[in-house]
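A short write-up of the structure that comes next.
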Amino acid sequence: MSKPLLSVRNLAKRYGGVVALENMNLTAEPGTIHAVVGENGAGKSTLMKVLAGVVRPDGGTIEIDGRAVTIASPNEARLHGVGMVYQELSLFPDRSVLANLFVNREPVRHGLVSLSSMERQCARLLGQLGLHVDVRAPVSRLSIGERQLVELCRVLLENPRLLILDEPNSALNQQETERLFAVLRGLRRQGITMLYVSHRLEEVFSISDRITITRNGRDVATKERGALTIPEVIEGMVGRQREALFPPPLPARADASPRELVVSGLAGGRLQHIDFKARSGEVVGFAGLEGSGVTDILNILFGLRRARRGTARFPDGRGLPKSTTEASRRKVCLVPADRRHNGLMLDKSILFNISNIVVGARNDGPLWFSPKGALQRANRQIEALRIKGLPSALASSLSGGNQQKVVIGKWLEIGPQVFLLDDPTRGVDVGAKREIYGLIRNIAADGGIVLFSSTELPELIGLCDRILVIYQGRLAGEVAGDGMDSRAILHLLNTGEPSGRPPGPDAYEATVA
């Protein structure tokens, strides 16, 4: 076996009385993609910041190529060949791609910044990354996926030997993620070692060579990817089996009145002809590949998109909303997949975010903003949803799980009857997922109609009462009970036709092989 590129031993870090790292160990081999997984607070981010020179450890050793090193700053990290791509992009949107690639290290010719020299230096790397854009145009014109590649290119221009990737695809769609993964595999072939931090376990298993599981500031286990299954990783992360993540259905509240949402012949966007019913007290799942039309269903029901044809009857007896404001006033809510851009005002406080729906959406609500009322609402949701933050805390300062709780909390303030949840646990750690699942169960038990879309098949199977599979704009099938099997659903997702064979006992494990 080759000598490890990186070896971390007994790393420790405390913030006052809070233990962030305690005897953390990690070994990364040259030319591998090494995933690091764990709940929020498990120590992943602190470990990566220590390696990137952003945080100074209280104890322990770091070795690179077998030599003990001290990484006291990001500049020292770069000198040791360590580069990091952070979860939150740090690009300047109004500056050009070139300006972002060479921040504070612009090549100069005759006393002037040389754009042609910058173009020559980055052209080959941009080509390898498949990023064919106008490098003199502002970054704001690029898609999120292209911006992520610009961020990656900026780090790669420094020729790192160890590349740290912290949730690099949290804002990317499936196509952009596949493009990023192709780039990472190419970097691995070039001998670059990568530490890959992610909450998306299915993607961890598709891209990594080895996996380190962390919990409570310690490393729990490190194994080759082929020696682990997703249930084993989850159990290592949370200290319990996967089944414990999904709370059982709750009995309906005695005072919860029955409600129904009926959709007939719905067409619009990618949708061709969709019929279904959803009743209060159940969680109805929607599964579909990227571009299948699942998001179109939720957007039409929320008034974000107009239907070409078809009807819907909501619990209030009325049809499709003509706008999002109308939907909100009729107690229909949407928790979007991209909470950072569509669900929250990141530069505003928890207090402001939780109150921003009430003023406009409630016909019987206040006509003006009341600081006292806003504080009451914020405190109510912080306590009920166990949001970790003060009312004055900015949404941008919260973890992904707490941000999503704020999004859900602002809607709970108007007492919705129909909940449209579009991949609500995307980019959220396992512990926060468990809490969100509990919230969804309570919403259903209180008489809410829940439509739940997810890109994670185990999540759909574990939480939903039945699953509607959408294939190329049409309803390919519905599965429930014993039919909620990974193999059968995957077959429907990819072919639009039922598999025609009974599920095997190892169906779940087969999805991650």
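In the structure tokens, chains take letters A, B, ... by order of appearance, with residues numbered from 1 within each chain and ligands from 1 in the order shown.
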
Expected answer as a ChimeraX atom specification: strand (DSSP E) residues in range 202-375 of chain A: /A:210-215,218-224,260-268,271-279,283-287,309-313,332-335

Listing only residues of range 238-340 of chain A within 8 Å of range 472-492 of chain A, what is the closest atom pair and its distance in Å (to one decimal) for each, using only C-alpha atoms, sorted by chain and residue number ascending, as JSON lines?
{"residue": "A:Arg270", "atom": "CA", "partner": "A:Gly473", "partner_atom": "CA", "distance": 5.1}
{"residue": "A:Leu271", "atom": "CA", "partner": "A:Gly473", "partner_atom": "CA", "distance": 4.0}
{"residue": "A:Gln272", "atom": "CA", "partner": "A:Gly473", "partner_atom": "CA", "distance": 5.3}
{"residue": "A:His273", "atom": "CA", "partner": "A:Arg474", "partner_atom": "CA", "distance": 5.9}
{"residue": "A:Ile274", "atom": "CA", "partner": "A:Leu475", "partner_atom": "CA", "distance": 6.0}
{"residue": "A:Asp275", "atom": "CA", "partner": "A:Leu475", "partner_atom": "CA", "distance": 7.6}
{"residue": "A:Gly291", "atom": "CA", "partner": "A:Gln472", "partner_atom": "CA", "distance": 7.4}
{"residue": "A:Ser292", "atom": "CA", "partner": "A:Gln472", "partner_atom": "CA", "distance": 4.7}
{"residue": "A:Gly293", "atom": "CA", "partner": "A:Gly473", "partner_atom": "CA", "distance": 5.1}
{"residue": "A:Val294", "atom": "CA", "partner": "A:Gly473", "partner_atom": "CA", "distance": 7.9}

So that I can check the surroundings of Arg215 in chain A, please list as JSON, numbers by chain every protein, DNA and RNA residue that reaches within 12 Å of it, counting only C-alpha atoms and ignoring chain neighbours fewer than 4 positions away. {"A": [19, 20, 21, 22, 23, 24, 25, 36, 37, 38, 39, 40, 41, 42, 43, 44, 219, 220, 221, 233, 234, 235, 236, 237, 238, 239, 240, 429, 430, 431]}

What does the distance between CA of Asp58 in chain A and CA of Lys13 in chain A come to in Å, to one decimal place? 5.0 Å

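Secondary structure of range 414-479 of chain A, alpha helix (DSSP H) only (DSSP, backbone atoms): Val430, Gly431, Ala432, Lys433, Arg434, Glu435, Ile436, Tyr437, Gly438, Leu439, Ile440, Arg441, Asn442, Ile443, Ala444, Ala445, Leu457, Pro458, Glu459, Leu460, Ile461, Gly462 and Leu463 of chain A.
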
I want to know what sits within 8 Å of range 1-8 of chain A, based on only C-alpha atoms, with residues of the same chain fewer than 2 positions away left out; could you give that as a PyMOL selection string? chain A and resi 10-11+24-30+60-66+193

If you measure from CA of Asp347 in chain A to CA of Glu167 in chain A, what distance in Å do you get, rounded to one decimal? 21.0 Å
